[in-house]
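So the structure is just underneath, and the comments pick up after that.
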Amino acid sequence: MAFIRVSSPHLHRPLSTHQVMRYVILATLPGLAALTWIFGWGSLINVILASAFGLVFEALVLMARKRNPVPALKDNSALLTCVLLGLALPPLAPFWLVLTGSFVAIVIAKQLYGGLGNNPFNPAMVAYALLLISFPVEMTQWVMPAEMLNGNTVSLSASLQAVFTGHQQVADAFTMATPLDGFKHKGELMADEYWRLDAFAAEKVWGGWAFASVGFMVGGLFLLWKKIFTWHIPVAMLGSLTLLSAMFYGSDPSNYASPMVHLFSGATMLGAFFIATDPVTAATSNKGKLWFGAGIGVLIYVIRTWGNYPDAVAFSVLLMNFAAPFIDYYTQPRSFGHKKARKGIKHDA
Amino acid sequence: MRKTWDFHGGIHPEENKHQSTQFPIVDAPLPNKVILPLQQHIGAPAEPVVLVGEKVKTGQLIAKADGFISANIHASISGTVVAIEDHAIPHASGMTDECIIIESDGQDEWVELEPLADWESASVDQLLNKIASAGIVGMGGAGFPTAVKARTRERHSIDTLVINAAECEPYITSDDMAMRTYPEQVITGAKILCQLVDPSSCLIGIEDNKPEAIKALQDAAKGTHIEVVVIPTKYPSGGEKQLIQILTGREVPSGGLPADIGVVCQNVGTTIAIYKAITQGEPLISRVTTLTGNAFNRRQNFTVRLGTPINELLELGDFDQKAASRLLMGGPMMGFSLQGDELPVVKTTNCLLAPTHDEFPDPELENPCIRCGMCEQACPAELLPQQLHWFAKAQEFEKAQLFNLFDCIECGACAFVCPSHIPLVQYYRYAKAEIRREDEEAKKAERAKIRFEQRQARLEREEAEKAAKRKARMAASAKPKTAPAATAASATSSAPALDEAEQKKLKIQRAAAAVALKKADKALAEGKEANADNLAEPEQAQQQAQQKLNDIDSKLGTAKPSASSAAAPANSQVSEEREKALKQAKIAAAASKAAIKKAEKALATAQEAGDEAEIKAKEADLATAKANADKAADKLKALQSAPAPSATATAPTTDNSAALAEQQKAEHEKALKQAKIAAAASKAAIKKAEKALVTAQEAGDEADIKAKEEAVATAKANAEKAADKLKALQDTPPSAAPSAAAGNAAALAQQTEQQKAEQEKALKQAKIAAAASKAAIKKAEKALTAAQESGDASEIQNCEQALTTAKGKAEAAANKLADLQQQANATEAKPAADTNAKTSSSAPSEEDTAAKGKALKQAKIILAATRTALKKAEKALAEAEQSGDADAISEQQQTLARCQKKFADAEQKMAELTGDEQGNNTVSKGNEADTASV
């Protein structure tokens, strides 16, 4: 009798890459639902469009690279990237913006670096950053929340019209700056003056953003519970952001936004649970993840407060992506039976 | 409740233990035959003590432990030894090894067992001997000889004895069922171990998924100081290091042993084996093995005789081959798949696992790593598995080592959790094997370098000896020509009768002195062999004897010239000069001996001090001192052998020359004997060194091992030298000397002819060897391609190894061939020169010089070529360094080193040739003198 030879271990946990990706995609649903609830169909259209473009691009580029596209398409990684990109883009963004973003994310930021697992930068954030720099007007117009539009969101047909015909009037009628953007350009106004300026709008907008943020947080906690990632990056990132904003807010509340504004508006929660935790581009050791997350939090605060851009998650994540390999070398865990952890990659270290 | 600790990571695979715990342990039926591998343990394989055809009884010793770390093997059935041969053994690589195969007579007739009736009052040595002679090894998986482990108390202070009853691998229940069935045996075995190790606490660590076993052990342990500690179920809590951490909170240091932190850990199955060995006298001939997995219709634990072929067990378990996806020995996490069913159960076989395709589907395709870090969360050794995987994949083994690759225990937790289905453990095994291979190669290269240097030294020495001989020959052939008339006159005019009596007396005295010297030599050699501390006395005796012999020799020498002194006044002056030189040489020899002694002493002190750099320096000093001594001895010898020709020159009477021949013969014999003694002594030294090496390896002290390895290498080199010398002496028959003394050109020619013939023979042999080695390479290459086609990694590795050895052999053969050809050329050139000298008086070996010139030219060309190559390599290296590409730099550095070596070789050859030319010039001058005097 002869038997096949397989090397140990022979058992495997029933959790594969495509399942991991699927969990993450599922976890975005509360956030997506909240966005759709508040801002209308725009985000959903973005997500669907981006996913469709992304999968096509993934298949094409894999064929161009002379690789079998089927396993890669099945692993849900391209889908996840495009879902995240769709969530990050402003609702009612013109379709060509989504198309360009998907192309940059999948073809340039992911596949040209070698495909899944080999990209040093978060593909969705590369695309987002590129679009933000190239098309600042389209990228900073955010749809008004439903409650500001007499309780009705933009209708599906109007949304589709805005997206595909690029009817600027449609878009302009429903869009406004994000609260972070508005706060950033409040000029000489004091913080409370700004908030009082349009109390109704501020409350509604602020409430809408907070609602969506909570949706993303719920999804993130689900992933944490599922042990898809560890707590280190979200906690470090949110912690450092809270700490910094609390410090400045505490010293001068009239000029600086409160920690609550920082935590529950913009892409903070999406970034903390879905973007920064992208394992491919993050630091890997537990200690490294703490540094990585904390770095993102600090950068977000710095760019939001003193930088040129209203939101900063994309830039902060990309900057820390640069630092991830370095962080990894200097945050190796102490291995079993060793007196201390090794730092760096030198022999005598 | 005792405090326990947690270890990092770990996983919770489905346990699947219930399948095989439904029925009690049953004795498997006696096998029809058993296959007992000589190595079922870590350490040296056992040495068979039975012969094929011999009848053996159950429990009879059939193979004896060989060395300190080894284990006895006993017959597990009664019957006849039918073979001692290579047989497939259960091993991850599917390799074969030497096994003793016994065919059963169905009687199961036991040898008489000798239990230690009152073990509680037995001494530690008695217990250890009993355990060692029962052939007990760690039954948990590694198979480390238990007696050796139990002996750790001799070197470490142990406070905790851990009995590993965790059995954390899924499916396996052999320990569980054994503990349920024989709890008293476990506890008694543990008590015996306590008596051996004398710890302050004895802890049995058991996972909480075995409530029945826990209860049974707790009941049995009542009233003893042995504590049953229940730990949470988590794989791999049964790993030795992990269990020790759980129970004591201490970490076994990286690269260290549990004993380093005061812990000894033994498997629970081992304690049962110890119980049986001590209280029943039963050696390890059976064990409990789990048959489980859904491809077995009967899933149960059996007590199985060691060596039972697996196919008999498959039958016993009602194995369904169609349903089985694979067959494993051990558990699903660390067990290995078996290639067939012709394999035996061995001492470490705790489980045979035959899962169905549903249970263990074929492994999924490897996906790219997404750096999710789940492996890191699971790793019990707190490594960064995915980084190690990247390094292994990129063959960055140095970085892998920096990331503590060798702390990986290959538990498989990382691969278990990897969502990308990357066979991580496989990558680590590959990296480890590659690193070990590289280390091995580096060691080999180091050894080759030493060999090369030694060979170089030997060649130089031989060259020097040749030059000395040439000089002596020149002197010998010059003298008879200078004073042929005088000798003729002395032969007729002197009064030989008077001297003859005196000479006879001297000869007798000389013989006696020679015997005394021999005795002294022998005593000295024996003393050296026994490594006696005080060698001064025999050395002195030997020196005295030598002195006496020399005195007589010189008297004999002076007596001879005195017979013809009247006729040869010039000779006395010559001999006086010679004596002076001899004296100087003797002084030099003595001084060099003293230097050696001094160096040896310094070395010993350095070794005691343990300063490695110092030791090396001293060793180098010693080597130079020895080389100096060799030189001095050579010179002395050359001078001592010189009086013979001069004597023959002055007194070529038939009488004298016969006596002289006799004397030479005696001397030759003496030298031969000495050489033989030296050879024997060096052999003994090798054996001793090897023994020391083995002990060092057993002790595991790496520095010591290295030192011992070096000692073996030097001993072997010495032996080689001695053998060379012996051979050289044996090859040169004493008859050569008188024939040369007679100045017979014909004899000389004959001799060279003979040499030539010999060389031709050697050349032929070398050619054959070269051809054979080439054939071997081809064969190995063929095998390699076949292996590569079949895709069997281990086979490929084997073939590759075979190929490298074959290539090495081929190179050696080619080198030898080249050497021989060179020699042959030289000898061909020489006789030609000789004949030239003899036939034409005016042309001093024109052909010879022409050949030499040609060789010189060639050497010059080679030198120039290598020089350019060297320059080129240097340039390339500089470029590579500028580009900063590390791979390219190292490659260029290697090329440069190669070029440098080639250049050095070429230079040396050149130097040799120019040296030869000068030597030749002197020779031809001598020839000129020859012809002139004729």
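Letters A, B, ... go to the chains of the structure tokens in the order shown; residues in each chain start at 1; ligands are counted from 1 in the same order.
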
With a cut-off of 9 Å, could you pull out the residues of chain A touching chain B and give me the nearest pair of atoms for each, distance in Å to one decimal, using only C-alpha atoms, ordered by chain and ascending number, as a tab-separated table?
```
residue	atom	partner	partner_atom	distance
A:Met1	CA	B:Gly340	CA	5.4
A:Ala2	CA	B:Gly340	CA	4.5
A:Phe3	CA	B:Gln339	CA	5.2
A:Ile4	CA	B:Arg326	CA	5.9
A:Arg5	CA	B:Ser337	CA	5.3
A:Val6	CA	B:Ser337	CA	5.9
A:Ser7	CA	B:Phe336	CA	6.3
A:Ser8	CA	B:Met334	CA	5.5
A:Pro9	CA	B:Met333	CA	4.2
A:His10	CA	B:Pro332	CA	5.0
A:Leu11	CA	B:Pro332	CA	6.0
A:His12	CA	B:Phe416	CA	4.5
A:Arg13	CA	B:Val417	CA	5.5
A:Pro14	CA	B:Pro419	CA	8.2
A:Leu15	CA	B:Pro419	CA	5.5
A:Ser16	CA	B:Pro419	CA	3.9
A:Thr17	CA	B:Pro419	CA	4.8
A:His18	CA	B:Pro419	CA	8.2
A:Gln19	CA	B:Pro419	CA	8.3
A:Val20	CA	B:Pro419	CA	7.5
A:Pro71	CA	B:Asn367	CA	8.8
A:Gly115	CA	B:Pro368	CA	8.7
A:Leu116	CA	B:Pro368	CA	6.5
A:Gly117	CA	B:Ile370	CA	4.4
A:Asn118	CA	B:Ile370	CA	8.0
A:Lys227	CA	B:Met374	CA	8.7
A:Ile228	CA	B:Cys372	CA	8.1
A:Phe229	CA	B:Cys372	CA	7.4
A:Asp278	CA	B:Cys372	CA	8.1
A:Pro279	CA	B:Cys372	CA	4.9
A:Val280	CA	B:Ile370	CA	5.1
A:Thr281	CA	B:Arg371	CA	8.1
A:Ala282	CA	B:Arg371	CA	8.4
A:Ala283	CA	B:Arg371	CA	8.9
A:Thr284	CA	B:Gly373	CA	6.0
A:Ser285	CA	B:Leu384	CA	7.4
A:Asn286	CA	B:Gln377	CA	8.8
A:Gln332	CA	B:Leu384	CA	7.6
A:Pro333	CA	B:Glu382	CA	6.7
A:Arg334	CA	B:Glu382	CA	6.8
A:Ser335	CA	B:Glu382	CA	4.6
A:Phe336	CA	B:Ala381	CA	4.8
A:Gly337	CA	B:Pro253	CA	4.0
A:His338	CA	B:Ser254	CA	5.7
A:Lys339	CA	B:Pro253	CA	8.0
A:Arg342	CA	B:Phe403	CA	8.0
A:Ile345	CA	B:Leu402	CA	7.0
A:Lys346	CA	B:Leu402	CA	8.1
A:His347	CA	B:Leu402	CA	7.1
```

Exercise: B:Ala772 partners within 12 Å, only C-alpha atoms, chain neighbours under 6 positions left out, as an MDAnalysis selection string: chainID B and resid 765:766 778:779 806:807 809:811 813:814

Please identify every residue of stretch 262-329 of chain A that has at least one atom no farther than 12 Å from an atom of stretch 247-253 of chain A, counting only C-alpha atoms, and for each give the shortest atom pair and the distance in Å to one decimal, arranged by chain then increasing number, as CSV.
```
residue,atom,partner,partner_atom,distance
A:His262,CA,A:Tyr249,CA,10.8
A:Tyr301,CA,A:Phe248,CA,10.2
A:Val302,CA,A:Phe248,CA,11.1
A:Thr305,CA,A:Phe248,CA,10.1
```

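For the pair atom CA of B:Pro385 and atom CA of B:Tyr427, the interatomic distance is 10.0 Å.
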
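With atom CA of A:Phe326 on one side and atom CA of A:Trp291 on the other, the separation reads 10.9 Å.
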
With only C-alpha atoms as the counted atoms, please give the residues lying no more than 12 Å from A:Phe95, apart from itself and same-chain residues fewer than 6 positions off, as a VMD selection string. chain A and resid 42 to 43 45 to 50 52 to 53 86 89 101 to 102 138 159 to 167

May I have the selected residues written with C-alpha atoms, as a PDB file, in the first residue's frame?
```pdb
ATOM      1  CA  GLY A  42     -24.955  58.180  -3.398  1.00  0.00           C
ATOM      2  CA  SER A  43     -22.690  55.993  -1.273  1.00  0.00           C
ATOM      3  CA  ILE A  45     -24.058  53.781  -5.987  1.00  0.00           C
ATOM      4  CA  ASN A  46     -20.397  54.554  -5.324  1.00  0.00           C
ATOM      5  CA  VAL A  47     -19.818  51.160  -3.730  1.00  0.00           C
ATOM      6  CA  ILE A  48     -21.568  49.240  -6.465  1.00  0.00           C
ATOM      7  CA  LEU A  49     -19.869  51.172  -9.233  1.00  0.00           C
ATOM      8  CA  ALA A  50     -16.445  50.936  -7.672  1.00  0.00           C
ATOM      9  CA  ALA A  52     -17.870  46.556 -10.645  1.00  0.00           C
ATOM     10  CA  PHE A  53     -15.034  48.643 -12.076  1.00  0.00           C
ATOM     11  CA  GLY A  86     -16.722  53.681  -2.588  1.00  0.00           C
ATOM     12  CA  LEU A  89     -15.760  58.918  -1.949  1.00  0.00           C
ATOM     13  CA  GLY A 101     -10.248  55.738  -8.381  1.00  0.00           C
ATOM     14  CA  SER A 102     -10.857  52.042  -9.039  1.00  0.00           C
ATOM     15  CA  GLU A 138     -15.576  67.054  -6.700  1.00  0.00           C
ATOM     16  CA  SER A 159     -28.759  60.490  -7.876  1.00  0.00           C
ATOM     17  CA  LEU A 160     -28.149  58.403 -10.973  1.00  0.00           C
ATOM     18  CA  GLN A 161     -28.562  61.469 -13.116  1.00  0.00           C
ATOM     19  CA  ALA A 162     -26.046  63.373 -11.042  1.00  0.00           C
ATOM     20  CA  VAL A 163     -23.582  60.520 -11.134  1.00  0.00           C
ATOM     21  CA  PHE A 164     -23.789  59.675 -14.826  1.00  0.00           C
ATOM     22  CA  THR A 165     -24.580  62.927 -16.546  1.00  0.00           C
ATOM     23  CA  GLY A 166     -22.423  64.945 -14.260  1.00  0.00           C
ATOM     24  CA  HIS A 167     -25.296  67.449 -13.988  1.00  0.00           C
TER      25      HIS A 167
END
```
